[in-house]
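Listing of work.csv, CSV, C-alpha atoms
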chain,number,residue,atom,x,y,z
A,1,MET,CA,4.0,-5.7,-3.7
A,2,ILE,CA,2.9,-5.8,-0.1
A,3,SER,CA,0.3,-8.4,1.0
A,4,VAL,CA,-3.4,-7.6,1.5
A,5,GLU,CA,-2.8,-8.4,5.2
A,6,LEU,CA,0.0,-5.9,5.6
A,7,ALA,CA,-2.1,-3.3,3.7
A,8,ARG,CA,-4.9,-3.9,6.2
A,9,THR,CA,-2.5,-3.6,9.1
A,10,LEU,CA,-1.4,-0.2,7.7
A,11,ARG,CA,-4.9,1.0,7.2
A,12,ASP,CA,-6.0,-0.2,10.6
A,13,ALA,CA,-3.0,1.6,12.2
A,14,GLY,CA,-4.2,4.9,10.7
A,15,LEU,CA,-2.7,5.2,7.2
A,16,ARG,CA,-5.2,7.0,5.0
A,17,TRP,CA,-5.4,6.8,1.2
A,18,HIS,CA,-6.1,9.6,-1.3
A,19,PRO,CA,-6.2,7.8,-4.6
A,20,GLU,CA,-3.8,9.0,-7.3
A,21,THR,CA,-3.0,7.7,-10.8
A,22,GLY,CA,-0.7,4.7,-10.5
A,23,ASP,CA,-2.0,3.5,-7.1
A,24,ARG,CA,-2.8,-0.1,-6.8
A,25,PHE,CA,-5.7,-1.4,-4.7
A,26,VAL,CA,-8.0,-4.3,-4.1
A,27,ILE,CA,-11.7,-4.3,-3.3
A,28,ASP,CA,-11.8,-5.1,0.5
A,29,LYS,CA,-14.5,-7.7,0.4
A,30,PRO,CA,-14.2,-11.5,0.7
A,31,GLY,CA,-14.0,-13.2,-2.7
A,32,VAL,CA,-12.9,-10.2,-4.6
A,33,ASP,CA,-9.8,-9.1,-2.7
A,34,GLU,CA,-7.5,-11.2,-5.0
A,35,ASP,CA,-7.9,-8.9,-8.0
A,36,VAL,CA,-5.4,-6.0,-8.0
A,37,PHE,CA,-6.5,-2.8,-9.8
A,38,THR,CA,-4.6,0.3,-10.7
A,39,VAL,CA,-6.0,3.8,-10.7
A,40,SER,CA,-5.6,5.1,-14.3
A,41,GLU,CA,-7.5,7.6,-16.4
A,42,MET,CA,-8.0,4.8,-18.9
A,43,THR,CA,-9.3,2.1,-16.6
A,44,VAL,CA,-10.0,3.1,-13.1
A,45,GLU,CA,-10.7,6.8,-12.5
A,46,ARG,CA,-11.0,8.7,-9.3
A,47,HIS,CA,-14.2,10.8,-8.8
A,48,ASP,CA,-14.6,13.1,-5.8
A,49,TYR,CA,-18.1,13.8,-4.6
A,50,PRO,CA,-19.4,15.5,-1.5
A,51,SER,CA,-20.4,12.1,-0.2
A,52,GLY,CA,-16.8,10.6,-0.7
A,53,THR,CA,-14.4,9.4,-3.3
A,54,GLU,CA,-15.6,6.8,-5.9
A,55,LEU,CA,-13.3,4.7,-8.1
A,56,GLY,CA,-15.1,4.4,-11.5
A,57,PHE,CA,-14.3,1.5,-13.7
A,58,ASN,CA,-14.2,2.7,-17.4
A,59,GLY,CA,-15.0,0.3,-20.1
A,60,THR,CA,-15.7,-3.4,-19.6
A,61,THR,CA,-14.5,-5.3,-16.6
A,62,GLU,CA,-14.7,-9.0,-16.0
A,63,TRP,CA,-17.7,-8.7,-13.7
A,64,ALA,CA,-19.2,-5.5,-15.0
A,65,LEU,CA,-18.3,-3.3,-12.0
A,66,ASP,CA,-19.2,0.3,-12.5
A,67,SER,CA,-17.7,1.9,-9.4
A,68,VAL,CA,-16.7,1.2,-5.8
A,69,ALA,CA,-16.3,3.6,-2.9
A,70,ALA,CA,-12.7,4.3,-1.9
A,71,SER,CA,-13.7,3.3,1.6
A,72,GLU,CA,-14.5,-0.2,0.3
A,73,SER,CA,-11.0,-0.4,-1.3
A,74,LEU,CA,-7.7,-1.3,0.2
A,75,TRP,CA,-4.6,0.6,-1.0
A,76,LEU,CA,-1.5,-1.5,-1.7
A,77,PRO,CA,1.2,1.2,-1.5
A,78,ARG,CA,4.3,0.7,-3.7
A,79,GLU,CA,7.8,0.5,-2.3
A,80,ASP,CA,8.6,4.2,-3.2
A,81,GLN,CA,5.4,5.4,-1.5
A,82,LEU,CA,6.2,3.4,1.6
A,83,ARG,CA,9.7,4.9,1.7
A,84,GLU,CA,8.3,8.4,1.2
A,85,LEU,CA,5.8,7.9,4.0
A,86,LEU,CA,8.6,6.9,6.4
A,87,GLY,CA,10.1,10.3,5.8
A,88,ARG,CA,12.9,11.4,8.1
A,89,SER,CA,12.6,8.2,10.2
A,90,PHE,CA,14.0,6.2,7.3
A,91,VAL,CA,17.7,5.4,7.9
A,92,GLY,CA,18.6,2.9,5.2
A,93,LEU,CA,17.9,-0.2,3.2
A,94,THR,CA,20.3,-3.1,2.8
A,95,ARG,CA,20.0,-6.2,0.6
A,96,THR,CA,21.8,-9.4,1.6
A,97,GLU,CA,22.0,-12.8,0.0
A,98,SER,CA,22.7,-16.0,1.8
A,99,PRO,CA,25.0,-18.7,0.4
A,100,VAL,CA,21.9,-20.6,-0.7
A,101,GLY,CA,20.6,-17.6,-2.6
A,102,ARG,CA,18.0,-16.4,-0.1
A,103,VAL,CA,17.6,-12.6,-0.4
A,104,VAL,CA,16.7,-10.5,2.6
A,105,HIS,CA,15.9,-6.8,2.4
A,106,THR,CA,16.4,-4.9,5.7
A,107,VAL,CA,14.9,-1.5,6.4
A,108,THR,CA,16.4,0.5,9.3
A,109,ALA,CA,14.1,3.3,10.7
A,110,ARG,CA,14.4,5.6,13.7
A,111,ILE,CA,11.3,5.0,15.7
A,112,GLY,CA,10.7,6.5,19.2
A,113,GLY,CA,14.3,7.7,19.3
A,114,ALA,CA,15.8,4.2,18.6
A,115,GLU,CA,16.9,2.6,15.4
A,116,ARG,CA,14.9,-0.6,14.5
A,117,THR,CA,15.3,-3.0,11.7
A,118,PHE,CA,12.6,-4.8,9.6
A,119,ALA,CA,13.7,-7.7,7.4
A,120,ALA,CA,11.6,-9.3,4.6
A,121,ALA,CA,12.1,-11.2,1.3
A,122,ASP,CA,11.2,-8.0,-0.6
A,123,ALA,CA,11.9,-4.4,0.1
A,124,ALA,CA,8.2,-3.2,-0.1
A,125,THR,CA,7.3,-5.6,2.8
A,126,ALA,CA,10.2,-4.4,4.9
A,127,TYR,CA,9.2,-0.8,4.3
A,128,GLY,CA,5.5,-1.6,5.1
A,129,GLU,CA,6.4,-3.3,8.4
A,130,ALA,CA,8.6,-0.3,9.4
A,131,LEU,CA,5.8,2.1,8.5
A,132,ALA,CA,3.3,0.1,10.6
A,133,ALA,CA,5.7,0.2,13.6
A,134,TYR,CA,6.3,4.0,13.0
A,135,ILE,CA,2.6,4.8,12.9
A,136,ALA,CA,1.9,2.6,16.0
A,137,ALA,CA,4.7,4.4,17.9
A,138,ALA,CA,3.5,7.8,16.8
A,139,LEU,CA,0.0,7.1,18.1
A,140,ALA,CA,1.0,5.5,21.4
Write the structure described by the file as structure tokens, please.
Amino acid sequence: MISVELARTLRDAGLRWHPETGDRFVIDKPGVDEDVFTVSEMTVERHDYPSGTELGFNGTTEWALDSVAASESLWLPREDQLRELLGRSFVGLTRTESPVGRVVHTVTARIGGAERTFAAADAATAYGEALAAYIAAALA
């Protein structure tokens, strides 16, 4: 799972979220951004209103939250979602392990006509960093 900081970078770069079942998110407010929620018909349900999308919490939650605006939430895209968002710019993913057991995932993406690599301890983070660079280059 990508970090909250990388999710903020993606959002601030221009990535928009349209909540779907299975999506993970945090409430983007100090003190509550450590709890990760999942959109689900059973627990957290998406409600679209003319004023915006609300994420309704069904049943009882730890702190009795009824709902939160999607705009106050921060999407934590999964690895498969990040790869899909890279689209045709995605070239490949490699996994290497050092002699001491350190694993590195490297995503190669074609950005601005050149292949660039993004390495991280987990594939989702490497995909997220590649996507952030792709969005930044597309908007430059």
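Restricting the calculation to only C-alpha atoms, the smallest distance between Thr53 of chain A and any of A:Lys29, A:Arg78, A:His18, A:Arg24 is found for A:His18.
The smallest atom-to-atom distance between Gly87 of chain A and any of A:Ala140, A:Ala109, A:Ala126, A:Ala7, using all atoms listed in the file, is found for A:Ala109.
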*Hey, can you check how far atom CA of Asp80 of chain A sits from atom CA of Asp23 of chain A?*
11.3 Å
*Tell me which protein, DNA and RNA residues are within 12 Å of Ala138 of chain A, counting all atoms listed in the file, leaving out same-chain ones fewer than 4 positions away, and put them as a VMD selection string.*
chain A and resid 13 to 15 86 89 110 to 113 131 to 134
*Go ahead and compute the interatomic distance for atom CA of Thr106 of chain A and atom CA of Thr94 of chain A, in Å to one decimal.*
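Between atom CA of Thr106 of chain A and atom CA of Thr94 of chain A the gap works out to 5.2 Å.
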*Compile the contact shell of Val26 of chain A as a PyMOL selection string: residues with an atom at most 12 Å away, counting all atoms listed in the file, same-chain residues fewer than 3 positions apart removed.*
chain A and resi 2-5+7-8+23+29-39+44+55+68-77
*asked:* Using Å and a single decimal, report how far atom CA of Arg16 of chain A sits from atom CA of Ala120 of chain A.
replied: 23.4 Å
